[in-house]
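J.: Shown below is the structure under consideration.
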Amino acid sequence: MIKIFCDKKEKDLKNFWGHIVFHPTNAIEDDWGKLYLDKIAEDGAARTIRIYSMFEDMVTLDENGEMQFDFSSNDARIDYLLEKGFKPHISYGFFPPWLAAEQAEEFTRRRYKGADFSSSYPADYAKWEEICRVYTKHLIERYSEETVTKWRVHCYNEPDSWGFFHKSADRRGRVVEYFKLYEAFVRGVTSVCDKIRLGAPGLAENPRSHEFYTDFLELVKENGTRLDFITFHAYGTTGHHLKQEMEVFDARGALHQILDITRLAKMYGFGDIPFMVDEWGAATAGYSGKDENPYMELRENEKYSAYFVRMLTLFDELNLPVEEMMICLSGQHDLKEDFGGHRNFFSKSFYPKPIYNAHVLANKLGDEKLHYYTERDHDEYVSVLPSRHSDDGHMSVLMCYADDAFTAKRPTDDFEVKFSNLDKEYKLVKYVIDKTHANAYTKFLELGEPQNASPEIQQQIREAGALVAEECGIVSPYNDTITLNMAENAVVLLELYPQA
C-alpha cells in the first residue's frame, strides 16, 4: 500500500531538478538547436539553461591592440532563451587565444563551428576584469538590472581539470591562478552591479577536486572575497570505471560527492549559501558512446529515466542543500547515428529519449510536497514524490519502480495507491515510461536499428517515444484507492484534477 495524505503538506517543494546545460552554447543559433529548445520549452522540460559566454568569439583586438566587442551572437542566443521562457545561467569563459599566458599550441582548443579558445590562464588579469565588466554592463543595458539579477553567473568551468585551465601548473598553482581569475571576475561584475549573484568554482569530479575546492574556499575566506553560491559537478560514476567494471550505474552515485562538498563548505563557513550542481549525469565521458563503452546504452533506455526519478526522490528525502541540478547535454552536435549512447535528450533523428520524457514528467510536479506512507516489505523498490499545486489544487504524484542498480525484476503483485482524505472528486490521468511505454529506443531495436530511416519509419519511432496521457476515471472520498501495475525500471506520473 502506498498512502498519499492529500490534505497534509510536508514542506514547500522547490524544483531543483528541472535545469539543463545546453551544449554547445552556439548551437542555439542553429536550426537543430532551436528545434531542440522549442520542444523543451513546449513540453516544459527545463527552466534554467546554463550556457557559456564564449568570450573567444566576442572579444578581439583591433589594429592598435585595443579590445573590441561584438555581442551580436551572444545577444541572439540569450534573446532566444528568454523568448522561450528559459532563465539563463551564464558561465563567464573561456579566453580568446590572444589573452593566453601560455601560447603553445597545446593550450589552444577548437570549439563547435571552428572558434578557438585557450585553456591557459590569462596573461593580463586587468584585461580579463575589463572583459567581465564590459560584458556585464552590456547585459544590464540590454536586459535590465531587474532581469539580470534574477540570473546567476559563475566564473569559468572546471578549473581543476587539466583540460580546461593552466595545464602546466600543479594543483596549488592552478588554485592560486584561479583565485586571481575569480577575484578579477568579482571586481569586474560588481563594478557594474553589486546585486548580480556570483558563483564559483564549477569543479569537475576527479580525485583532485576536493583539495582544489578546500584551497579555494580558504583563499576566499582569508581575503574576504564575495561568494554568493557554490557550483560543482556531480556524476554518478566515470566512463572509465564503468568500462573497467570497477563500478556500476547507481542512483546514489553522486550522493557522497554532494555530501562531501556541502560538508566541507560548512567547515569553512560557507554552509548557508546556495549550492548549484551545474553539471550532473549518470556518468562522465559525454563524448563516449556505447561503441566505446557498452554500458552507455543506459543513456538510451528506460533505466536512465528510472535513474533520474529515483535519484531526485532520494535527494529530496535527504533534504540535500542543492538549489539547482543541471543535467549535462554535451555532444549533441556530433551524433553519428541514432541512439549511440551519448548524453542528450534527443537522438540524431530527433527521437525523444526516456530521460527526456522523465524530465517532462518531473517538471509537472507541484510546489508543495505531501506526506505519504509506504509498506516497505512489499514496496521496497518504489520511490514516491507526491505533490500539490498551490495555485489550482491539483495533485501530481511521481513514482518509479527500480533498485539502485536497476536490476530488480518486475514486481509480481500490483500496487495499491490510496489517496487519503480527499475533499472532492478528482479526475485521474496517468503517464508511464518503461520498456514498452514512451520509449523510442525499444521501437528502434524492434525495427532492426534503422539508421537514416524513411520518414514513415521515423514517425513510428517518434510516436513510440511520445508520452501518452491515459484517463483513468474518477477518485473520490468514497473511491480513493487505485490499483497500479508497474514494470521494472518504470516511471509513473499520476495527475489528479479537482472536479467542480
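Every chain in the C-alpha cells takes a letter, A first, then B, and so on in the order presented; its residues are numbered from 1, and the ligands are numbered from 1 following the presented order.
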Write out as a ChimeraX atom specification each polymer residue whose atoms come within 10 Å of A:Val432, counting only C-alpha atoms; drop sequence neighbours fewer than 2 positions from it.

T.: /A:357-358,361,399-400,430,434-439,467-470,486-487,490-494

J.: Write to file, as a short mmCIF file (atom, residue, chain, number, x, y, z; two decimals), in the first residue's frame, the residues of the selection just made, with N, CA, C and O atoms.

T.:
data_model
loop_
_atom_site.label_atom_id
_atom_site.label_comp_id
_atom_site.auth_asym_id
_atom_site.auth_seq_id
_atom_site.Cartn_x
_atom_site.Cartn_y
_atom_site.Cartn_z
N ASN A 357 11.65 12.29 -21.50
CA ASN A 357 10.27 12.14 -21.03
C ASN A 357 10.19 12.22 -19.50
O ASN A 357 9.23 12.77 -18.95
N ALA A 358 11.20 11.68 -18.82
CA ALA A 358 11.23 11.76 -17.36
C ALA A 358 11.37 13.20 -16.90
O ALA A 358 10.77 13.62 -15.89
N LEU A 361 7.94 14.80 -17.17
CA LEU A 361 7.04 14.41 -16.08
C LEU A 361 7.44 15.05 -14.76
O LEU A 361 6.59 15.52 -14.00
N MET A 399 6.37 8.59 -9.39
CA MET A 399 6.80 7.32 -8.79
C MET A 399 7.74 6.60 -9.77
O MET A 399 7.71 6.83 -10.98
N CYS A 400 8.56 5.72 -9.23
CA CYS A 400 9.29 4.79 -10.09
C CYS A 400 9.49 3.47 -9.36
O CYS A 400 9.45 3.42 -8.12
N LYS A 430 -2.91 9.29 -16.02
CA LYS A 430 -1.66 8.55 -15.78
C LYS A 430 -0.73 8.65 -16.99
O LYS A 430 -1.15 8.54 -18.12
N ASP A 434 8.35 3.14 -19.51
CA ASP A 434 9.03 1.88 -19.21
C ASP A 434 9.52 1.29 -20.54
O ASP A 434 9.64 2.02 -21.53
N LYS A 435 9.76 0.03 -20.58
CA LYS A 435 10.32 -0.58 -21.80
C LYS A 435 9.37 -0.48 -22.98
O LYS A 435 9.80 -0.39 -24.14
N THR A 436 8.07 -0.48 -22.71
CA THR A 436 7.08 -0.50 -23.80
C THR A 436 6.22 0.76 -23.85
O THR A 436 5.31 0.84 -24.68
N HIS A 437 6.48 1.73 -23.01
CA HIS A 437 5.73 2.98 -22.99
C HIS A 437 6.69 4.16 -23.09
O HIS A 437 7.70 4.20 -22.37
N ALA A 438 6.35 5.11 -23.98
CA ALA A 438 7.15 6.34 -24.13
C ALA A 438 8.63 6.01 -24.28
O ALA A 438 9.49 6.62 -23.66
N ASN A 439 8.93 5.03 -25.14
CA ASN A 439 10.29 4.52 -25.27
C ASN A 439 10.62 4.30 -26.74
O ASN A 439 10.36 3.24 -27.31
N LEU A 467 5.06 10.64 -24.89
CA LEU A 467 4.27 10.44 -23.68
C LEU A 467 2.79 10.42 -24.02
O LEU A 467 2.32 11.19 -24.87
N VAL A 468 2.05 9.56 -23.35
CA VAL A 468 0.61 9.45 -23.57
C VAL A 468 -0.12 9.67 -22.24
O VAL A 468 0.22 9.03 -21.23
N ALA A 469 -1.09 10.56 -22.25
CA ALA A 469 -1.91 10.81 -21.07
C ALA A 469 -3.10 9.85 -21.11
O ALA A 469 -3.95 9.95 -22.00
N GLU A 470 -3.17 8.95 -20.15
CA GLU A 470 -4.24 7.97 -20.08
C GLU A 470 -5.24 8.38 -19.00
O GLU A 470 -4.88 8.44 -17.82
N MET A 486 3.23 -1.72 -12.28
CA MET A 486 4.46 -1.11 -12.77
C MET A 486 5.46 -2.18 -13.19
O MET A 486 5.66 -3.17 -12.45
N ALA A 487 6.08 -1.97 -14.33
CA ALA A 487 7.14 -2.87 -14.79
C ALA A 487 8.46 -2.49 -14.12
O ALA A 487 8.56 -1.47 -13.42
N ALA A 490 10.25 1.31 -14.23
CA ALA A 490 9.14 2.13 -14.72
C ALA A 490 9.08 3.46 -13.99
O ALA A 490 9.40 3.54 -12.80
N VAL A 491 8.67 4.49 -14.71
CA VAL A 491 8.36 5.79 -14.13
C VAL A 491 6.88 6.06 -14.41
O VAL A 491 6.40 5.85 -15.52
N VAL A 492 6.16 6.51 -13.38
CA VAL A 492 4.74 6.79 -13.50
C VAL A 492 4.45 8.17 -12.89
O VAL A 492 4.99 8.50 -11.82
N LEU A 493 3.64 8.95 -13.58
CA LEU A 493 3.13 10.19 -13.01
C LEU A 493 1.61 10.09 -12.96
O LEU A 493 0.96 9.82 -13.98
N LEU A 494 1.05 10.30 -11.77
CA LEU A 494 -0.40 10.35 -11.58
C LEU A 494 -0.80 11.80 -11.37
O LEU A 494 -0.27 12.48 -10.48
#

J.: Give me the residues near A:Leu447 as a CSV table (one decimal) with C-alpha atoms, in the first residue's frame, where near means some atom within 9 Å (using only C-alpha atoms) and where sequence neighbours in that chain fewer than 5 positions away do not count.

T.:
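Result file is around.csv:
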chain,number,residue,atom,x,y,z
A,442,THR,CA,12.6,-0.1,-27.8
A,457,ILE,CA,9.7,4.6,-40.0
A,461,ILE,CA,9.7,5.5,-33.7

J.: Using 7 Å as the limit and counting only C-alpha atoms, can you tabulate each residue of stretch 346-443 of chain A that touches stretch 472-484 of chain A, with its shortest atom-to-atom distance in Å and the two atoms involved, as CSV?

T.:
residue,atom,partner,partner_atom,distance
A:Asp414,CA,A:Leu484,CA,5.6
A:Phe415,CA,A:Leu484,CA,5.0
A:Glu416,CA,A:Thr483,CA,4.7
A:Val417,CA,A:Ile482,CA,5.4
A:Lys418,CA,A:Thr481,CA,4.2
A:Phe419,CA,A:Asp480,CA,5.2
A:Ser420,CA,A:Asp480,CA,6.7
A:Asn421,CA,A:Pro477,CA,6.7
A:Leu422,CA,A:Pro477,CA,5.1
A:Asp423,CA,A:Pro477,CA,6.5
A:Lys424,CA,A:Ser476,CA,5.7
A:Glu425,CA,A:Ser476,CA,4.3
A:Tyr426,CA,A:Val475,CA,5.3
A:Lys427,CA,A:Ile474,CA,4.7
A:Leu428,CA,A:Cys472,CA,5.3
A:Val429,CA,A:Cys472,CA,5.6
A:Lys430,CA,A:Cys472,CA,6.9

J.: From the DSSP assignment of the backbone, select every residue of stretch 117-257 of chain A that is strand (DSSP E or B), and format the answer as number ranges by chain.

T.: A: 117-118, 122, 152-155, 197-203, 229-235

J.: So that I have them on file, write out the residues from the current selection with N, CA, C and O atoms, as a PDB file, in the first residue's frame.

T.:
ATOM      1  N   PHE A 117      39.644  28.614 -28.504  1.00  0.00           N
ATOM      2  CA  PHE A 117      39.770  29.247 -27.196  1.00  0.00           C
ATOM      3  C   PHE A 117      40.996  28.665 -26.507  1.00  0.00           C
ATOM      4  O   PHE A 117      41.520  27.626 -26.902  1.00  0.00           O
ATOM      5  N   SER A 118      41.441  29.357 -25.466  1.00  0.00           N
ATOM      6  CA  SER A 118      42.641  28.929 -24.764  1.00  0.00           C
ATOM      7  C   SER A 118      42.295  28.286 -23.431  1.00  0.00           C
ATOM      8  O   SER A 118      41.369  28.706 -22.742  1.00  0.00           O
ATOM      9  N   PRO A 122      45.053  33.734 -17.994  1.00  0.00           N
ATOM     10  CA  PRO A 122      45.248  34.952 -18.791  1.00  0.00           C
ATOM     11  C   PRO A 122      46.605  35.609 -18.532  1.00  0.00           C
ATOM     12  O   PRO A 122      47.115  35.588 -17.407  1.00  0.00           O
ATOM     13  N   ARG A 152      21.978  33.790 -12.603  1.00  0.00           N
ATOM     14  CA  ARG A 152      23.228  33.568 -11.888  1.00  0.00           C
ATOM     15  C   ARG A 152      24.367  33.558 -12.901  1.00  0.00           C
ATOM     16  O   ARG A 152      24.192  33.105 -14.043  1.00  0.00           O
ATOM     17  N   VAL A 153      25.521  34.043 -12.470  1.00  0.00           N
ATOM     18  CA  VAL A 153      26.718  33.984 -13.314  1.00  0.00           C
ATOM     19  C   VAL A 153      27.839  33.381 -12.485  1.00  0.00           C
ATOM     20  O   VAL A 153      27.948  33.656 -11.284  1.00  0.00           O
ATOM     21  N   HIS A 154      28.644  32.536 -13.108  1.00  0.00           N
ATOM     22  CA  HIS A 154      29.780  31.995 -12.358  1.00  0.00           C
ATOM     23  C   HIS A 154      31.044  32.043 -13.199  1.00  0.00           C
ATOM     24  O   HIS A 154      30.993  32.242 -14.421  1.00  0.00           O
ATOM     25  N   CYS A 155      32.140  31.872 -12.526  1.00  0.00           N
ATOM     26  CA  CYS A 155      33.446  32.107 -13.126  1.00  0.00           C
ATOM     27  C   CYS A 155      34.063  30.816 -13.643  1.00  0.00           C
ATOM     28  O   CYS A 155      34.473  29.950 -12.862  1.00  0.00           O
ATOM     29  N   ARG A 197      24.165  37.812  -8.768  1.00  0.00           N
ATOM     30  CA  ARG A 197      24.591  36.678  -7.952  1.00  0.00           C
ATOM     31  C   ARG A 197      25.809  35.999  -8.595  1.00  0.00           C
ATOM     32  O   ARG A 197      25.756  35.564  -9.748  1.00  0.00           O
ATOM     33  N   LEU A 198      26.892  35.884  -7.814  1.00  0.00           N
ATOM     34  CA  LEU A 198      28.187  35.434  -8.317  1.00  0.00           C
ATOM     35  C   LEU A 198      28.575  34.092  -7.705  1.00  0.00           C
ATOM     36  O   LEU A 198      28.450  33.900  -6.495  1.00  0.00           O
ATOM     37  N   GLY A 199      29.076  33.178  -8.551  1.00  0.00           N
ATOM     38  CA  GLY A 199      29.430  31.864  -8.037  1.00  0.00           C
ATOM     39  C   GLY A 199      30.731  31.330  -8.579  1.00  0.00           C
ATOM     40  O   GLY A 199      31.324  31.856  -9.520  1.00  0.00           O
ATOM     41  N   ALA A 200      31.166  30.233  -7.962  1.00  0.00           N
ATOM     42  CA  ALA A 200      32.406  29.540  -8.314  1.00  0.00           C
ATOM     43  C   ALA A 200      32.414  28.237  -7.501  1.00  0.00           C
ATOM     44  O   ALA A 200      31.605  28.066  -6.585  1.00  0.00           O
ATOM     45  N   PRO A 201      33.319  27.295  -7.758  1.00  0.00           N
ATOM     46  CA  PRO A 201      34.323  27.292  -8.823  1.00  0.00           C
ATOM     47  C   PRO A 201      33.978  26.376 -10.007  1.00  0.00           C
ATOM     48  O   PRO A 201      34.803  26.226 -10.903  1.00  0.00           O
ATOM     49  N   GLY A 202      32.813  25.723 -10.024  1.00  0.00           N
ATOM     50  CA  GLY A 202      32.430  24.883 -11.167  1.00  0.00           C
ATOM     51  C   GLY A 202      33.367  23.715 -11.378  1.00  0.00           C
ATOM     52  O   GLY A 202      33.840  23.468 -12.484  1.00  0.00           O
ATOM     53  N   LEU A 203      33.642  22.961 -10.308  1.00  0.00           N
ATOM     54  CA  LEU A 203      34.677  21.932 -10.352  1.00  0.00           C
ATOM     55  C   LEU A 203      34.215  20.661 -11.044  1.00  0.00           C
ATOM     56  O   LEU A 203      33.059  20.249 -10.929  1.00  0.00           O
ATOM     57  N   PHE A 229      27.192  31.837  -4.306  1.00  0.00           N
ATOM     58  CA  PHE A 229      26.779  30.439  -4.410  1.00  0.00           C
ATOM     59  C   PHE A 229      27.966  29.605  -4.864  1.00  0.00           C
ATOM     60  O   PHE A 229      28.939  30.127  -5.433  1.00  0.00           O
ATOM     61  N   ILE A 230      27.891  28.320  -4.598  1.00  0.00           N
ATOM     62  CA  ILE A 230      28.963  27.387  -4.951  1.00  0.00           C
ATOM     63  C   ILE A 230      28.483  26.480  -6.073  1.00  0.00           C
ATOM     64  O   ILE A 230      27.378  25.927  -6.010  1.00  0.00           O
ATOM     65  N   THR A 231      29.293  26.349  -7.105  1.00  0.00           N
ATOM     66  CA  THR A 231      28.969  25.460  -8.214  1.00  0.00           C
ATOM     67  C   THR A 231      29.956  24.297  -8.251  1.00  0.00           C
ATOM     68  O   THR A 231      31.142  24.465  -7.980  1.00  0.00           O
ATOM     69  N   PHE A 232      29.435  23.121  -8.585  1.00  0.00           N
ATOM     70  CA  PHE A 232      30.298  21.948  -8.749  1.00  0.00           C
ATOM     71  C   PHE A 232      29.568  20.925  -9.596  1.00  0.00           C
ATOM     72  O   PHE A 232      28.358  21.019  -9.812  1.00  0.00           O
ATOM     73  N   HIS A 233      30.312  19.958 -10.097  1.00  0.00           N
ATOM     74  CA  HIS A 233      29.755  18.910 -10.940  1.00  0.00           C
ATOM     75  C   HIS A 233      29.663  17.611 -10.148  1.00  0.00           C
ATOM     76  O   HIS A 233      30.512  17.332  -9.297  1.00  0.00           O
ATOM     77  N   ALA A 234      28.635  16.838 -10.420  1.00  0.00           N
ATOM     78  CA  ALA A 234      28.439  15.588  -9.685  1.00  0.00           C
ATOM     79  C   ALA A 234      27.938  14.513 -10.646  1.00  0.00           C
ATOM     80  O   ALA A 234      26.779  14.549 -11.072  1.00  0.00           O
ATOM     81  N   TYR A 235      28.822  13.598 -10.995  1.00  0.00           N
ATOM     82  CA  TYR A 235      28.467  12.484 -11.877  1.00  0.00           C
ATOM     83  C   TYR A 235      28.417  11.184 -11.076  1.00  0.00           C
ATOM     84  O   TYR A 235      29.207  10.980 -10.156  1.00  0.00           O
TER      85      TYR A 235
END

J.: Considering only C-alpha atoms, can you say which of A:Phe165, A:Glu337, A:Pro455, A:Cys193 comes closest to A:Val148?

T.: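 Result for the nearest residue to A:Val148: A:Cys193.
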
J.: Measure the distance from atom CA of A:Val176 to atom CA of A:Tyr125 in Å and round it to one decimal.

T.: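 Straight-line distance from atom CA of A:Val176 to atom CA of A:Tyr125 works out to 12.9 Å.
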
J.: Apply DSSP to the backbone of this structure and, from stretch 359-500 of chain A, keep only the residues in helix (DSSP H, G or I); write these as a list in words.

T.: His359, Val360, Leu361, Ala362, Ala440, Tyr441, Thr442, Lys443, Phe444, Leu445, Glu446, Pro455, Glu456, Ile457, Gln458, Gln459, Gln460, Ile461, Arg462, Glu463 and Ala464 of chain A

J.: With distances taken over only C-alpha atoms, which residue among A:Glu10, A:Asp57, A:Glu222, A:Glu146 lies nearest A:Thr25?

T.: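 Using only C-alpha atoms, A:Thr25 sits closest to A:Asp57.
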
J.: Report, in Å to a single decimal, how far apart atom CA of A:Glu158 and atom CA of A:Ala306 are.

T.: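 Separating atom CA of A:Ala306 from atom CA of A:Glu158 is a distance of 28.2 Å.
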
J.: Quick one: residues within 10 Å of A:Gly163, only C-alpha atoms, excluding same-chain residues fewer than 6 positions away - as a ChimeraX atom specification?

T.: /A:106-107,109,119-120

J.: May I have the residues within 6 Å of stretch 177-190 of chain A as a ChimeraX atom specification, using only C-alpha atoms and disregarding those fewer than 4 positions away in the same chain?

T.: /A:129,132-133,136,194

J.: Save the residues we just selected, all heavy atoms, as an mmCIF file, in the first residue's frame?

T.:
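That gives us selection17.cif:
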data_model
loop_
_atom_site.group_PDB
_atom_site.id
_atom_site.type_symbol
_atom_site.label_atom_id
_atom_site.label_comp_id
_atom_site.auth_asym_id
_atom_site.auth_seq_id
_atom_site.Cartn_x
_atom_site.Cartn_y
_atom_site.Cartn_z
ATOM 1 N N GLU A 129 39.440 41.316 -16.233
ATOM 2 C CA GLU A 129 38.488 42.069 -15.426
ATOM 3 C C GLU A 129 37.674 43.023 -16.292
ATOM 4 O O GLU A 129 36.457 43.165 -16.109
ATOM 5 C CB GLU A 129 39.241 42.855 -14.345
ATOM 6 C CG GLU A 129 38.332 43.673 -13.451
ATOM 7 C CD GLU A 129 39.099 44.421 -12.371
ATOM 8 O OE1 GLU A 129 40.193 43.959 -11.976
ATOM 9 O OE2 GLU A 129 38.602 45.479 -11.920
ATOM 10 N N CYS A 132 34.997 41.162 -18.202
ATOM 11 C CA CYS A 132 33.860 40.859 -17.324
ATOM 12 C C CYS A 132 33.018 42.110 -17.079
ATOM 13 O O CYS A 132 31.779 42.041 -17.046
ATOM 14 C CB CYS A 132 34.349 40.290 -15.999
ATOM 15 S SG CYS A 132 35.160 38.680 -16.141
ATOM 16 N N ARG A 133 33.669 43.243 -16.933
ATOM 17 C CA ARG A 133 32.953 44.494 -16.686
ATOM 18 C C ARG A 133 32.130 44.901 -17.906
ATOM 19 O O ARG A 133 30.918 45.193 -17.786
ATOM 20 C CB ARG A 133 33.929 45.624 -16.330
ATOM 21 C CG ARG A 133 33.248 46.941 -15.939
ATOM 22 C CD ARG A 133 34.217 48.115 -15.914
ATOM 23 N NE ARG A 133 34.649 48.489 -17.267
ATOM 24 C CZ ARG A 133 33.911 49.212 -18.114
ATOM 25 N NH1 ARG A 133 32.702 49.647 -17.758
ATOM 26 N NH2 ARG A 133 34.375 49.517 -19.302
ATOM 27 N N THR A 136 29.181 42.484 -18.542
ATOM 28 C CA THR A 136 28.112 42.676 -17.558
ATOM 29 C C THR A 136 27.342 43.960 -17.831
ATOM 30 O O THR A 136 26.109 43.988 -17.748
ATOM 31 C CB THR A 136 28.692 42.692 -16.130
ATOM 32 O OG1 THR A 136 29.437 41.497 -15.901
ATOM 33 C CG2 THR A 136 27.588 42.813 -15.097
ATOM 34 N N ASP A 194 26.207 45.413 -8.122
ATOM 35 C CA ASP A 194 26.580 44.567 -6.987
ATOM 36 C C ASP A 194 25.441 43.650 -6.554
ATOM 37 O O ASP A 194 25.547 42.949 -5.543
ATOM 38 C CB ASP A 194 27.085 45.393 -5.812
ATOM 39 C CG ASP A 194 26.023 46.328 -5.235
ATOM 40 O OD1 ASP A 194 24.862 46.297 -5.721
ATOM 41 O OD2 ASP A 194 26.345 47.082 -4.312
#
